[in-house]
Each structure stands twice: as structure tokens, then as C-alpha cells.
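Trainee: Coordinates in run_16.txt, compact mmCIF, C-alpha atoms and all ligand atoms, are listed below.
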```txt
# COMPACT_ATOMS: atom_id res chain seq x y z
CA MET H 198 132.86 48.86 129.83
CA ARG H 199 133.93 50.66 126.66
CA GLU H 200 132.42 54.06 126.21
CA ARG H 201 129.91 54.12 123.37
CA SER H 202 130.86 56.35 120.43
CA LYS H 203 128.25 59.05 120.46
CA ILE H 204 126.17 59.78 117.38
CA ILE H 205 123.79 62.73 117.35
CA PHE H 206 121.23 63.16 114.57
CA HIS H 207 120.50 66.81 114.03
CA ARG H 208 118.78 68.44 111.06
CA GLY H 209 119.62 71.94 109.85
CA MET H 210 123.09 72.25 111.43
CA GLN H 211 123.97 75.19 109.18
CA ARG H 212 121.20 77.24 110.76
CA SER H 213 121.03 75.98 114.35
CA SER H 214 123.50 76.40 117.23
CA GLU H 215 122.20 73.61 119.48
CA TRP H 216 124.77 71.11 118.23
CA LEU H 217 127.60 73.33 119.52
CA GLU H 218 126.73 72.53 123.16
CA PRO H 219 128.40 69.08 123.38
CA LEU H 220 131.48 70.47 121.59
CA LYS H 221 132.07 72.93 124.45
CA LYS H 222 132.92 69.98 126.71
CA ILE H 223 135.55 68.71 124.29
CA ALA H 224 137.77 71.68 123.33
CA ASP H 225 137.80 75.42 122.84
CA GLN H 226 139.69 75.49 119.57
CA TYR H 227 138.85 73.39 116.54
CA ALA H 228 140.48 72.57 113.22
CA LEU H 229 137.69 72.06 110.70
CA ILE H 230 139.12 69.87 107.96
CA THR H 231 137.16 69.30 104.80
CA ASP H 232 137.48 69.03 101.04
CA GLN H 233 137.04 71.89 98.58
CA THR H 234 133.69 70.65 97.24
CA VAL H 235 132.21 70.31 100.71
CA TYR H 236 133.74 73.60 101.79
CA ALA H 237 132.16 75.42 98.84
CA LEU H 238 128.74 74.01 99.79
CA PHE H 239 128.69 74.21 103.58
CA GLY H 240 132.07 75.55 104.74
CA PRO H 241 131.35 79.24 105.35
CA ALA H 242 128.07 78.55 107.20
CA MET H 243 129.59 75.82 109.37
CA LYS H 244 132.69 77.91 110.13
CA LYS H 245 130.48 80.81 111.16
CA LYS H 246 128.49 78.54 113.46
CA LEU H 247 131.62 77.17 115.12
CA GLU H 248 133.03 80.68 115.52
CA GLU H 249 130.04 81.53 117.73
CA CYS H 250 131.82 79.54 120.45
CA PHE H 251 135.33 78.56 119.37
CA LYS H 252 138.55 79.62 117.73
CA VAL H 253 138.44 77.87 114.35
CA PHE H 254 141.07 76.95 111.75
CA VAL H 255 139.93 75.66 108.40
CA ILE H 256 141.88 73.29 106.17
CA SER H 257 140.37 72.43 102.82
CA ILE H 258 142.01 69.83 100.59
CA ALA H 259 141.38 68.55 97.06
CA PRO H 260 138.39 66.20 96.94
CA GLY H 261 138.63 62.52 96.05
CA GLU H 262 140.40 59.29 96.88
CA GLU H 263 143.72 60.70 95.52
CA SER H 264 143.91 62.85 98.65
CA LYS H 265 143.88 59.85 101.00
CA THR H 266 147.67 59.58 101.14
CA ARG H 267 150.53 59.71 103.62
CA GLU H 268 151.76 62.87 101.86
CA GLN H 269 148.43 64.63 102.34
CA LYS H 270 148.40 63.56 106.00
CA ALA H 271 151.83 65.14 106.49
CA THR H 272 150.73 68.36 104.76
CA ILE H 273 147.71 68.66 107.07
CA GLU H 274 149.90 67.98 110.13
CA ASP H 275 152.26 70.78 109.08
CA GLN H 276 149.31 73.15 108.69
CA LEU H 277 148.03 72.20 112.15
CA PHE H 278 151.46 72.97 113.65
CA LYS H 279 151.46 76.29 111.83
CA PHE H 280 148.05 77.11 113.30
CA GLY H 281 149.37 76.08 116.70
CA LEU H 282 146.68 73.52 117.40
CA GLY H 283 147.73 71.96 120.68
CA ARG H 284 146.58 69.03 122.77
CA ASP H 285 143.73 71.15 124.11
CA GLY H 286 142.35 71.49 120.59
CA ALA H 287 140.23 69.08 118.61
CA ILE H 288 139.80 68.13 114.98
CA ILE H 289 136.55 67.95 113.04
CA ALA H 290 136.34 65.95 109.80
CA MET H 291 133.55 67.32 107.63
CA GLY H 292 133.00 65.45 104.39
CA GLY H 293 132.73 62.02 102.86
CA GLY H 294 134.54 58.83 103.73
CA VAL H 295 137.84 60.11 102.34
CA ILE H 296 137.85 63.03 104.76
CA CYS H 297 136.63 60.90 107.69
CA ASP H 298 139.35 58.26 107.12
CA LEU H 299 142.21 60.68 106.42
CA VAL H 300 141.37 63.26 109.08
CA GLY H 301 140.64 60.57 111.67
CA PHE H 302 144.13 59.20 111.06
CA VAL H 303 145.61 62.69 111.43
CA ALA H 304 143.74 63.06 114.76
CA ALA H 305 144.97 59.63 115.89
CA THR H 306 148.65 60.55 115.63
CA TYR H 307 148.79 64.37 115.89
CA CYS H 308 150.37 65.11 119.29
CA ARG H 309 149.86 61.37 120.00
CA GLY H 310 146.13 61.79 119.56
CA VAL H 311 143.70 64.70 119.88
CA PRO H 312 139.88 64.50 120.14
CA PHE H 313 138.28 63.70 116.82
CA LEU H 314 134.74 64.59 115.74
CA SER H 315 133.07 63.79 112.46
CA ILE H 316 130.36 65.47 110.41
CA PRO H 317 129.75 63.03 107.54
CA THR H 318 128.23 64.61 104.44
CA THR H 319 127.87 61.66 102.05
CA LEU H 320 125.41 58.81 102.46
CA LEU H 321 128.32 56.37 102.49
CA ALA H 322 130.03 58.24 105.30
CA GLN H 323 126.79 58.60 107.30
CA VAL H 324 125.91 54.90 107.20
CA ASP H 325 129.40 53.45 107.28
CA ALA H 326 132.71 55.34 107.14
CA CYS H 327 132.10 57.61 110.14
CA ILE H 328 131.35 54.69 112.46
CA GLY H 329 133.67 52.12 113.94
CA GLY H 330 136.95 53.96 114.22
CA LYS H 331 138.80 52.60 111.19
CA VAL H 332 140.92 55.48 109.93
CA GLY H 333 143.77 55.46 107.46
CA VAL H 334 145.27 56.18 104.09
CA ASN H 335 145.94 54.30 100.86
CA THR H 336 149.33 53.37 99.44
CA GLU H 337 150.41 52.15 96.03
CA GLN H 338 150.05 48.64 97.40
CA GLY H 339 146.33 49.02 98.10
CA LYS H 340 143.55 50.74 100.00
CA ASN H 341 143.63 51.57 103.69
CA LEU H 342 146.89 49.68 104.26
CA ILE H 343 148.23 52.26 106.74
CA GLY H 344 145.92 53.28 109.53
CA ALA H 345 144.60 52.88 113.04
CA PHE H 346 141.49 52.26 115.09
CA TYR H 347 140.52 55.71 116.36
CA PRO H 348 136.77 56.24 116.81
CA ALA H 349 135.30 59.71 116.64
CA GLN H 350 134.39 60.95 120.09
CA LEU H 351 131.27 62.50 118.59
CA THR H 352 129.59 62.14 115.21
CA LEU H 353 126.98 64.63 114.07
CA ILE H 354 124.69 63.43 111.30
CA ASP H 355 122.52 65.88 109.38
CA VAL H 356 120.61 64.30 106.49
CA ASP H 357 120.08 67.76 105.00
CA PHE H 358 123.70 67.63 103.80
CA LEU H 359 122.67 64.84 101.42
CA SER H 360 120.44 67.15 99.36
CA THR H 361 123.41 68.27 97.23
CA LEU H 362 124.86 64.81 96.71
CA PRO H 363 125.04 63.59 93.09
CA ARG H 364 123.13 60.41 92.24
CA SER H 365 126.38 58.46 91.77
CA GLU H 366 127.40 59.26 95.36
CA LEU H 367 123.97 58.30 96.70
CA LEU H 368 124.41 54.99 94.91
CA ASN H 369 127.75 54.45 96.68
CA GLY H 370 126.00 54.72 100.03
CA ARG H 371 123.17 52.55 98.82
CA ALA H 372 125.63 49.68 98.28
CA GLU H 373 126.64 49.69 101.95
CA ILE H 374 122.98 49.91 103.03
CA LEU H 375 122.22 46.84 100.90
CA LYS H 376 125.20 45.15 102.55
CA TYR H 377 123.64 45.63 106.02
CA GLY H 378 120.43 44.16 104.64
CA VAL H 379 122.17 41.13 103.19
CA ILE H 380 124.40 40.34 106.20
CA ASP H 381 122.10 41.32 109.06
CA SER H 382 118.67 42.87 108.54
CA PRO H 383 116.76 41.88 105.38
CA ALA H 384 114.03 44.46 106.20
CA LEU H 385 116.45 47.25 105.19
CA LEU H 386 116.46 45.96 101.63
CA GLN H 387 112.98 47.39 101.07
CA MET H 388 113.39 50.77 102.83
CA GLU H 389 113.62 54.25 101.28
CA VAL H 390 116.72 56.28 102.09
CA ASN H 391 115.77 58.58 104.95
CA GLU H 392 116.92 59.44 108.47
CA SER H 393 115.29 56.34 109.92
CA LEU H 394 117.17 54.04 107.51
CA ILE H 395 120.45 55.84 108.23
CA LYS H 396 119.84 55.42 111.99
CA SER H 397 119.17 51.70 111.54
CA CYS H 398 122.42 51.28 109.62
CA CYS H 399 124.38 53.16 112.29
CA GLU H 400 122.80 50.95 114.98
CA ILE H 401 123.78 47.77 113.14
CA LYS H 402 127.35 48.90 112.59
CA LEU H 403 127.75 50.13 116.18
CA ARG H 404 126.37 46.85 117.57
CA ILE H 405 128.77 44.76 115.48
CA VAL H 406 131.77 47.02 116.12
CA GLU H 407 131.16 47.10 119.88
CA GLU H 408 131.09 43.32 119.94
CA ASP H 409 134.42 43.12 118.10
CA PRO H 410 136.18 46.52 118.00
CA HIS H 411 139.46 45.26 116.50
CA GLU H 412 138.00 43.00 113.85
CA ARG H 413 139.09 39.63 115.17
CA GLY H 414 135.80 37.89 114.43
CA VAL H 415 132.24 39.03 113.82
CA ARG H 416 133.21 42.55 112.67
CA ARG H 417 134.62 40.93 109.55
CA ILE H 418 131.08 40.40 108.26
CA LEU H 419 131.08 44.14 107.47
CA ASN H 420 133.64 43.27 104.80
CA PHE H 421 131.10 41.23 102.86
CA GLY H 422 131.58 42.10 99.19
CA HIS H 423 134.79 43.97 99.96
CA THR H 424 137.43 41.34 99.09
CA ILE H 425 136.32 41.33 95.47
CA GLY H 426 135.23 44.98 95.76
CA HIS H 427 138.56 46.41 96.92
CA ALA H 428 140.43 44.41 94.28
CA CYS H 429 138.10 45.76 91.56
CA GLU H 430 138.64 49.34 92.77
CA ALA H 431 142.42 48.93 92.81
CA ALA H 432 142.57 47.06 89.48
CA SER H 433 140.59 49.88 87.83
CA GLY H 434 143.05 52.45 89.17
CA TYR H 435 140.24 53.68 91.48
CA PHE H 436 138.22 54.72 88.45
CA PHE H 437 135.49 52.33 89.60
CA SER H 438 133.65 53.73 92.62
CA HIS H 439 133.68 52.08 96.06
CA GLY H 440 129.92 51.48 96.01
CA ALA H 441 129.88 49.97 92.53
CA ALA H 442 132.81 47.75 93.52
CA VAL H 443 131.18 46.56 96.76
CA ALA H 444 127.89 45.92 94.95
CA LEU H 445 129.66 43.79 92.36
CA GLY H 446 131.70 42.14 95.11
CA MET H 447 128.57 41.20 97.07
CA VAL H 448 127.12 39.33 94.11
CA GLY H 449 130.48 37.60 93.48
CA GLU H 450 130.82 36.61 97.13
CA ALA H 451 127.19 35.42 97.21
CA TYR H 452 128.11 33.22 94.22
CA LEU H 453 131.05 31.79 96.19
CA SER H 454 128.70 31.18 99.15
CA HIS H 455 126.38 29.26 96.87
CA GLN H 456 129.13 27.24 95.17
CA LEU H 457 130.45 26.17 98.57
CA GLY H 458 127.04 24.85 99.54
CA PHE H 459 125.91 27.55 101.98
CA LEU H 460 123.60 29.93 100.16
CA LYS H 461 120.57 28.65 98.25
CA LYS H 462 120.45 29.35 94.52
CA GLU H 463 117.19 31.34 94.89
CA GLU H 464 118.84 33.63 97.44
CA LEU H 465 121.83 34.19 95.15
CA GLY H 466 119.29 35.18 92.48
CA ILE H 467 117.52 37.57 94.88
CA ILE H 468 120.81 39.28 95.81
CA LYS H 469 121.74 39.63 92.16
CA GLU H 470 118.38 41.22 91.34
CA ILE H 471 118.44 43.59 94.32
CA ILE H 472 121.88 44.85 93.29
CA ARG H 473 120.81 45.22 89.66
CA ASP H 474 117.52 46.94 90.57
CA ALA H 475 119.48 49.45 92.66
CA GLY H 476 121.30 50.46 89.44
CA PHE H 477 124.62 48.59 89.64
CA SER H 478 126.34 46.74 86.82
CA LEU H 479 127.94 43.31 87.21
CA ALA H 480 130.52 43.83 84.44
CA LEU H 481 134.12 43.61 85.69
CA PRO H 482 136.01 46.93 85.60
CA ALA H 483 139.31 45.20 84.69
CA PRO H 484 140.46 41.79 83.41
CA ALA H 485 139.84 38.96 85.91
CA ASP H 486 143.57 38.13 86.21
CA GLN H 487 144.39 41.69 87.15
CA ILE H 488 141.65 41.71 89.82
CA MET H 489 143.01 38.37 91.14
CA LYS H 490 146.46 39.92 91.63
CA PHE H 491 145.08 42.70 93.81
CA MET H 492 143.01 40.21 95.78
CA GLN H 493 146.14 38.31 96.79
CA ARG H 494 147.37 41.51 98.48
CA ASP H 495 144.12 42.05 100.38
CA LYS H 496 144.52 42.62 104.12
CA LYS H 497 142.45 39.49 104.76
CA ALA H 498 144.70 37.37 102.51
CA GLN H 499 146.92 34.89 104.32
CA LYS H 500 149.88 33.30 102.45
CA GLN H 501 148.46 35.17 99.44
CA GLN H 502 145.22 33.19 99.69
CA PRO H 503 142.26 35.58 99.77
CA HIS H 504 139.68 35.08 102.53
CA PHE H 505 135.99 35.82 102.16
CA VAL H 506 132.92 36.52 104.24
CA LEU H 507 130.33 33.99 103.12
CA LEU H 508 126.57 33.96 103.55
CA GLU H 509 124.46 31.09 104.87
CA ARG H 510 121.30 32.95 103.94
CA ILE H 511 120.17 36.55 103.44
CA GLY H 512 120.60 38.08 106.90
CA LYS H 513 123.18 35.57 108.21
CA ALA H 514 126.92 35.29 107.54
CA HIS H 515 128.84 32.03 107.92
CA ALA H 516 130.89 32.00 111.15
CA PHE H 517 133.74 29.72 109.93
CA GLU H 518 135.02 28.73 113.41
CA GLY H 519 134.33 32.23 114.72
CA SER H 520 136.68 33.91 112.23
CA TYR H 521 133.94 34.83 109.72
CA CYS H 522 136.65 34.66 107.10
CA THR H 523 136.91 31.63 104.82
CA PRO H 524 139.91 30.85 102.57
CA ILE H 525 138.91 30.09 98.99
CA SER H 526 140.94 28.62 96.14
CA SER H 527 142.05 30.87 93.29
CA HIS H 528 140.33 28.55 90.86
CA LEU H 529 136.89 29.17 92.40
CA ILE H 530 137.48 32.91 92.76
CA LYS H 531 138.34 33.21 89.11
CA GLU H 532 135.23 31.21 88.25
CA ALA H 533 133.16 33.71 90.31
CA LEU H 534 134.69 36.69 88.49
CA LEU H 535 134.04 35.18 85.07
CA TRP H 536 130.48 34.26 86.13
CA LEU H 537 129.88 37.89 87.22
CA ASP H 538 131.11 39.20 83.89
CA SER H 539 128.79 36.84 82.01
CA GLN H 540 125.61 38.02 83.81
N1 LIG I 601 136.42 53.82 107.77
C1 LIG I 601 135.47 53.03 107.35
O1 LIG I 601 134.93 52.23 108.08
C2 LIG I 601 135.04 53.15 105.91
C3 LIG I 601 133.90 52.48 105.48
C4 LIG I 601 133.50 52.64 104.16
C5 LIG I 601 134.24 53.43 103.30
N2 LIG I 601 135.34 54.05 103.76
C6 LIG I 601 136.14 54.91 102.87
O2 LIG I 601 135.32 56.00 102.45
C7 LIG I 601 135.82 56.48 101.20
C8 LIG I 601 134.67 56.74 100.27
O3 LIG I 601 133.80 57.67 100.87
P1 LIG I 601 132.83 58.58 100.01
O4 LIG I 601 132.14 57.73 99.02
O5 LIG I 601 132.04 59.38 100.96
O6 LIG I 601 133.86 59.44 99.15
P2 LIG I 601 134.39 60.96 99.21
O7 LIG I 601 134.75 61.35 100.56
O8 LIG I 601 135.42 61.04 98.16
O9 LIG I 601 133.11 61.79 98.75
C9 LIG I 601 132.63 61.62 97.46
C10 LIG I 601 132.49 62.96 96.72
O10 LIG I 601 131.35 63.63 97.22
C11 LIG I 601 131.70 64.98 97.53
N3 LIG I 601 130.77 65.38 98.60
C12 LIG I 601 130.83 65.08 99.91
N4 LIG I 601 129.73 65.51 100.54
C13 LIG I 601 128.96 66.11 99.59
C14 LIG I 601 127.69 66.71 99.62
N5 LIG I 601 126.96 66.75 100.73
N6 LIG I 601 127.19 67.21 98.45
C15 LIG I 601 127.87 67.12 97.29
N7 LIG I 601 129.09 66.54 97.22
C16 LIG I 601 129.61 66.02 98.36
C17 LIG I 601 133.14 64.93 97.90
O11 LIG I 601 133.74 66.18 97.72
C18 LIG I 601 133.67 63.89 96.92
O12 LIG I 601 133.96 64.50 95.70
C19 LIG I 601 136.80 55.45 100.70
O13 LIG I 601 138.09 55.95 100.85
C20 LIG I 601 136.57 54.25 101.60
O14 LIG I 601 137.73 53.48 101.78
C21 LIG I 601 135.75 53.94 105.04
```
Could you spell out this file's structure in C-alpha cells?
Ligand SMILES: NC(=O)c1ccc[n+]([C@@H]2O[C@H](COP(=O)([O-])OP(=O)(O)OC[C@H]3O[C@@H](n4cnc5c(N)ncnc54)[C@H](O)[C@@H]3O)[C@@H](O)[C@H]2O)c1

Mentor:
Amino acid sequence: MRERSKIIFHRGMQRSSEWLEPLKKIADQYALITDQTVYALFGPAMKKKLEECFKVFVISIAPGEESKTREQKATIEDQLFKFGLGRDGAIIAMGGGVICDLVGFVAATYCRGVPFLSIPTTLLAQVDACIGGKVGVNTEQGKNLIGAFYPAQLTLIDVDFLSTLPRSELLNGRAEILKYGVIDSPALLQMEVNESLIKSCCEIKLRIVEEDPHERGVRRILNFGHTIGHACEAASGYFFSHGAAVALGMVGEAYLSHQLGFLKKEELGIIKEIIRDAGFSLALPAPADQIMKFMQRDKKAQKQQPHFVLLERIGKAHAFEGSYCTPISSHLIKEALLWLDSQ
């Protein structure tokens, strides 16, 4: 049986030392890798806590998606060599999804893999990016095209970190929470953001990922909204946020589900309203043709034909012969994009 990735919920990590206990079993020196914004907020307190028990190196990089590159990965690796972090050391990613993805990828290949821990500090990272082991970097060709499956050995979630998060970042996380509601658990659609909701999201993702760790079937449902979403992000030059793109993508992919005869019109309407009520816009961030071009390069595209996760109803994705990934003609995709823009 595969070992379950461990997630510990712990409030007030900056003040308590309890959470250090499980880390003692993993390593006695840690590289704490974060971004400058997160470091300014929580870095000194968290470093001080870790130093109660361990030798600690800190690496703090520029915040934002622009840092999720092969070049940045190499720079971090060089710094780790300079510090002398060996195979008996471990790496902690503290930050949002960018840090979790980038640092997880560093941990996956540094000395052929060292233990990796994550302390997610954005809502998006707490409900999504820190779970499931997908780590990687972006290239000019698109998002997350170079990477690995390397789950964190331990993830520590403290909802207190979210108190400093700007509204726009909370909204990014909200999009992924709505996604879990739409593909799996409609009850989540009505819940307030709190620790209990975050736990439910982690449970859903863990359950799906454990069933299909390498994304050969059911795990693909977690990509609902992401085929259109990723293409919108890329076509906007990453100006458009991940959450806004996924929210828009979910409505577009619900439209495709309806046009192909799966999802009822009323349910398409409900999804559209939920996304709108949460504060997202349905206007395209770039011309439809430009978005189409990026979609043809999507990882799920085969022979340049984009594939989509479709819904049968709210709470149930269409299995499509167990692949959960349905090819759709360019004509219909373009129609969906133009429909979105007209809403
Ligand atoms: N691996 C996965 O399964 C997975 C899933 C979803 C998304 N992702 C990836 O996650 C990334 C997006 O993650 P994100 O939205 O967390 O972005 P992010 O890591 O860029 O964080 C967003 C911003 O919030 C700041 N920040 C972080 N914590 C803060 C806090 N507590 N208070 C104030 N500011 C804080 C960061 O410095 C950054 O400027 C994308 O690269 C996406 O591809 C990965």
C-alpha cells in the first residue's frame, strides 16, 4: 500500500513549537525556501522556530509566477550546494503554489531527491497546490511543462497564514474550492472559507490522487476548467490570475458539457451564477484565436486536439471510457469561448 501523504493542521505555528516534533524524524538540517513577500511576513519567526531544533538555511526568491523557471531552479540548487545541504538534509517550501511547485521540483532532483515538506501560505496552495505531488516549472511553451510527481512527505497547514492574504489571492483559492464543489461535493459550494472547508478540500484531493497518483484516469477531473483556464493564463502573458482563469474555464467547460448533451441547461446556469457571485468575470483576457493556439499545446492535447473534462451534472464528471478526458472539435471550443465573452 502507498504511504499516505501526511497533512497536519496546526494553528499558530509562528508561536508554537509542537509542529517541530515530526520534523525531528525527517532531518536535522533544513533549507527553508520561500519568496520575499512571505519571508517579510513570517520568515524571521518561522526561522527562529526551526532553529530551536535544527540547522537552518534560508533562501528567499522574488515572488510570482515569473520565478517558476528552470533558471530559478538552477540558482536555488547552486545555493543549496553552497550551503552544503546533503542527503541527510530536507527542504521546506513555505509560500504559495509557485513556491510549492518550484521547491518541490528542486527537492525531487537535488541529490536525486531529498525529503520535501510544505507549509502552504495561500488559500490556493492549502486547498490544492500542496497536495498530490505535482511539482514543476513553466517554460515559454506553457505552464508546468517540465516537472515530476514528488509528494511532500509532510504538509503543515496553518489557516492563520491566510490573514495577510489580499482579496485577489483569496479569490484564486476560491476558484479551486468551487471546482471541488462542481466536480465532487456540491455541499462545498455553500460553505464559508474556514479550516473545516480547507480540510474537506484536502480530503477530496487526497482521495482522488490516491486512486490515480499518476493521472491516468480519474485524477484528470481535477483539471476541470483548466484546459481553457491554462490557455487563458498563457494567452494573457500570465497577467490573468490562475483562479480567474480556472473560474472562466469552468463555465466554458460546463458550456461544452451542455452542448454535448451531458449537462442540463439549468445546471450550466447555476455554475455560471456561482462563479459570477464569487466575483469572477467571464470576459476573455485575450482574443479567442490566441487562446485557441495555447489550448492546442495543452498537456492533455493529443494530435493538437484539446481534451476536456466534462460534467454530467454538478458533482459528477463524465468518465469517457475511464479516461475522463474527451476530445472536442476546435469549432465547438471556439463557440464556447465566444459564448463566454458574450455573457
Ligand atoms: N501542483 C499543483 O497541484 C498545483 C495546483 C494548483 C496550482 N498550482 C500552481 O500554483 C501556482 C499559483 O499559486 P498561488 O496562487 O498560491 O501563487 P503564488 O505562490 O504566486 O502566491 C501568490 C502571491 O501571494 C503572496 N503570498 C503568499 N502567501 C501569502 C500570505 N500568507 N500573505 C500575503 N501574501 C502571500 C506571494 O508572495 C505571491 O505574491 C501556479 O503556478 C499554479 O500552476 C499547482

Trainee: Enumerate residues in contact with ligand LIG 601 (chain I): an atom-to-atom distance of at most 8 Å, counting all atoms listed in the file. Format the result as JSON, numbers by chain.

Mentor: {"H": [232, 233, 234, 235, 238, 260, 261, 262, 265, 292, 293, 294, 295, 296, 297, 298, 317, 318, 319, 320, 321, 322, 325, 326, 327, 328, 329, 330, 331, 332, 333, 334, 340, 341, 358, 359, 360, 361, 362, 363, 366, 369, 370, 373, 438, 439, 440]}

Trainee: Quick one: residues within 9 Å of region 401-406 of chain H, all atoms listed in the file, excluding same-chain residues fewer than 4 positions away - as a PyMOL selection string?

Mentor: chain H and resi 201-202+324-325+328-330+377+381-382+396-397+410-412+415-416+418-419

Trainee: Output C-alpha atoms for every residue in the selection just made, as an mmCIF file, keeping the file's coordinate frame.

Mentor:
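In the end it all went to again16.cif:
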```
data_model
loop_
_atom_site.group_PDB
_atom_site.id
_atom_site.type_symbol
_atom_site.label_atom_id
_atom_site.label_comp_id
_atom_site.auth_asym_id
_atom_site.auth_seq_id
_atom_site.Cartn_x
_atom_site.Cartn_y
_atom_site.Cartn_z
ATOM 1 C CA ARG H 201 129.910 54.120 123.370
ATOM 2 C CA SER H 202 130.860 56.350 120.430
ATOM 3 C CA VAL H 324 125.910 54.900 107.200
ATOM 4 C CA ASP H 325 129.400 53.450 107.280
ATOM 5 C CA ILE H 328 131.350 54.690 112.460
ATOM 6 C CA GLY H 329 133.670 52.120 113.940
ATOM 7 C CA GLY H 330 136.950 53.960 114.220
ATOM 8 C CA TYR H 377 123.640 45.630 106.020
ATOM 9 C CA ASP H 381 122.100 41.320 109.060
ATOM 10 C CA SER H 382 118.670 42.870 108.540
ATOM 11 C CA LYS H 396 119.840 55.420 111.990
ATOM 12 C CA SER H 397 119.170 51.700 111.540
ATOM 13 C CA PRO H 410 136.180 46.520 118.000
ATOM 14 C CA HIS H 411 139.460 45.260 116.500
ATOM 15 C CA GLU H 412 138.000 43.000 113.850
ATOM 16 C CA VAL H 415 132.240 39.030 113.820
ATOM 17 C CA ARG H 416 133.210 42.550 112.670
ATOM 18 C CA ILE H 418 131.080 40.400 108.260
ATOM 19 C CA LEU H 419 131.080 44.140 107.470
#
```

Trainee: Kindly give the distance, in Å, that separates CA of Gly283 (chain H) and CA of Cys308 (chain H), rounded to a single decimal.

Mentor: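 So the answer is 7.5 Å.
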
Trainee: In file coordinates, which residues lie within 12 Å of (139.6, 37.4, 105.6) using all atoms listed in the file, given as number ranges by chain?

Mentor: H: 412-425, 492-507, 516-517, 519-525

Trainee: Go through H:Leu342, H:Ile258, H:Leu465, H:Leu453 and flag the residue nearest Leu529 (chain H), using all atoms listed in the file for the distances.

Mentor: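 When distances to Leu529 (chain H) are compared using all atoms listed in the file, the smallest one comes from H:Leu453.
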
Trainee: CA of Cys399 (chain H) to CA of Lys469 (chain H): how many Å, to one decimal?

Mentor: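 CA of Lys469 (chain H) lies at a distance of 24.4 Å from CA of Cys399 (chain H).
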
Trainee: One decimal, in Å: what's the spacing between CA of Asp225 (chain H) and CA of Ala290 (chain H)?

Mentor: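 Interatomic distance here is 16.2 Å.
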
Trainee: Restricting the calculation to only C-alpha atoms: of H:Gln276, H:Gly281, H:Met291, H:Lys245, which residue gets closest to Thr231 (chain H)?

Mentor: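 Ranking H:Gln276, H:Gly281, H:Met291, H:Lys245 by distance to Thr231 (chain H), first place goes to H:Met291.
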
Trainee: Which residue, H:Ala384, H:Ile230, H:Leu375, H:Ala431, has the smallest gap to Gln338 (chain H) when you use only C-alpha atoms?

Mentor: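 Ranking H:Ala384, H:Ile230, H:Leu375, H:Ala431 by distance to Gln338 (chain H), first place goes to H:Ala431.
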
Trainee: Can you pull out every residue within 12 Å of Glu509 (chain H), counting only C-alpha atoms, but drop anything in the same chain fewer than 5 positions away, and send it as a PDB file with C-alpha atoms, keeping the file's coordinate frame?

Mentor:
```pdb
ATOM      1  CA  VAL H 379     122.170  41.130 103.190  1.00  0.00           C
ATOM      2  CA  ILE H 380     124.400  40.340 106.200  1.00  0.00           C
ATOM      3  CA  ASP H 381     122.100  41.320 109.060  1.00  0.00           C
ATOM      4  CA  ILE H 418     131.080  40.400 108.260  1.00  0.00           C
ATOM      5  CA  GLU H 450     130.820  36.610  97.130  1.00  0.00           C
ATOM      6  CA  ALA H 451     127.190  35.420  97.210  1.00  0.00           C
ATOM      7  CA  TYR H 452     128.110  33.220  94.220  1.00  0.00           C
ATOM      8  CA  LEU H 453     131.050  31.790  96.190  1.00  0.00           C
ATOM      9  CA  SER H 454     128.700  31.180  99.150  1.00  0.00           C
ATOM     10  CA  HIS H 455     126.380  29.260  96.870  1.00  0.00           C
ATOM     11  CA  GLN H 456     129.130  27.240  95.170  1.00  0.00           C
ATOM     12  CA  LEU H 457     130.450  26.170  98.570  1.00  0.00           C
ATOM     13  CA  GLY H 458     127.040  24.850  99.540  1.00  0.00           C
ATOM     14  CA  PHE H 459     125.910  27.550 101.980  1.00  0.00           C
ATOM     15  CA  LEU H 460     123.600  29.930 100.160  1.00  0.00           C
ATOM     16  CA  LYS H 461     120.570  28.650  98.250  1.00  0.00           C
ATOM     17  CA  LYS H 462     120.450  29.350  94.520  1.00  0.00           C
ATOM     18  CA  GLU H 464     118.840  33.630  97.440  1.00  0.00           C
ATOM     19  CA  LEU H 465     121.830  34.190  95.150  1.00  0.00           C
ATOM     20  CA  ALA H 514     126.920  35.290 107.540  1.00  0.00           C
ATOM     21  CA  HIS H 515     128.840  32.030 107.920  1.00  0.00           C
ATOM     22  CA  ALA H 516     130.890  32.000 111.150  1.00  0.00           C
ATOM     23  CA  PHE H 517     133.740  29.720 109.930  1.00  0.00           C
ATOM     24  CA  TYR H 521     133.940  34.830 109.720  1.00  0.00           C
TER      25      TYR H 521
END
```

Trainee: Hey, what's within 6 Å of region 253-255 of chain H if we count all atoms listed in the file and toss same-chain stuff fewer than 5 positions away? As an MDAnalysis selection string, please?

Mentor: chainID H and resid 226:230

Trainee: With C-alpha atoms retained, could you export that selection as a CSV table (one decimal), in the coordinates of the input?

Mentor:
```csv
chain,number,residue,atom,x,y,z
H,226,GLN,CA,139.7,75.5,119.6
H,227,TYR,CA,138.8,73.4,116.5
H,228,ALA,CA,140.5,72.6,113.2
H,229,LEU,CA,137.7,72.1,110.7
H,230,ILE,CA,139.1,69.9,108.0
```

Trainee: From the options H:Cys429, H:Leu277, H:Leu217, H:Ala372, which residue's atoms come nearest to Asp474 (chain H), counting only C-alpha atoms?

Mentor: H:Ala372

Trainee: Grab all the atoms of region 425-443 of chain H that the file lists, wrap them in a box along x, y and z, add 4 Å per side, and give me centre plus edge lengths in Å (one decimal) as JSON.

Mentor:
```
{"center_x": 136.5, "center_y": 48.0, "center_z": 92.4, "size_x": 21.2, "size_y": 21.4, "size_z": 17.1}
```

Trainee: Kindly indicate which residue among H:Cys250, H:Ile511, H:Val300, H:Ile472 lies nearest to Pro219 (chain H), using all atoms listed in the file for the distances.

Mentor: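 Closest candidate: H:Cys250.
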
Trainee: Take region 264-270 of chain H, bring it up to N, CA, C and O atoms, and give me the output as a short mmCIF file (atom, residue, chain, number, x, y, z; two decimals), keeping the file's coordinate frame.

Mentor:
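So the final result, stored in selection.cif, reads:
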```cif
data_model
loop_
_atom_site.label_atom_id
_atom_site.label_comp_id
_atom_site.auth_asym_id
_atom_site.auth_seq_id
_atom_site.Cartn_x
_atom_site.Cartn_y
_atom_site.Cartn_z
N SER H 264 143.42 62.07 97.50
CA SER H 264 143.91 62.85 98.65
C SER H 264 144.17 61.97 99.88
O SER H 264 144.72 62.44 100.86
N LYS H 265 143.75 60.70 99.80
CA LYS H 265 143.88 59.85 101.00
C LYS H 265 145.27 59.21 101.03
O LYS H 265 145.42 58.01 100.84
N THR H 266 146.28 60.06 101.22
CA THR H 266 147.67 59.58 101.14
C THR H 266 148.46 59.99 102.37
O THR H 266 148.09 60.91 103.10
N ARG H 267 149.63 59.34 102.52
CA ARG H 267 150.53 59.71 103.62
C ARG H 267 151.03 61.13 103.43
O ARG H 267 151.21 61.87 104.39
N GLU H 268 151.25 61.52 102.14
CA GLU H 268 151.76 62.87 101.86
C GLU H 268 150.74 63.92 102.29
O GLU H 268 151.08 64.92 102.92
N GLN H 269 149.48 63.67 101.97
CA GLN H 269 148.43 64.63 102.34
C GLN H 269 148.31 64.71 103.87
O GLN H 269 148.09 65.78 104.42
N LYS H 270 148.47 63.57 104.52
CA LYS H 270 148.40 63.56 106.00
C LYS H 270 149.50 64.47 106.56
O LYS H 270 149.25 65.31 107.44
#
```
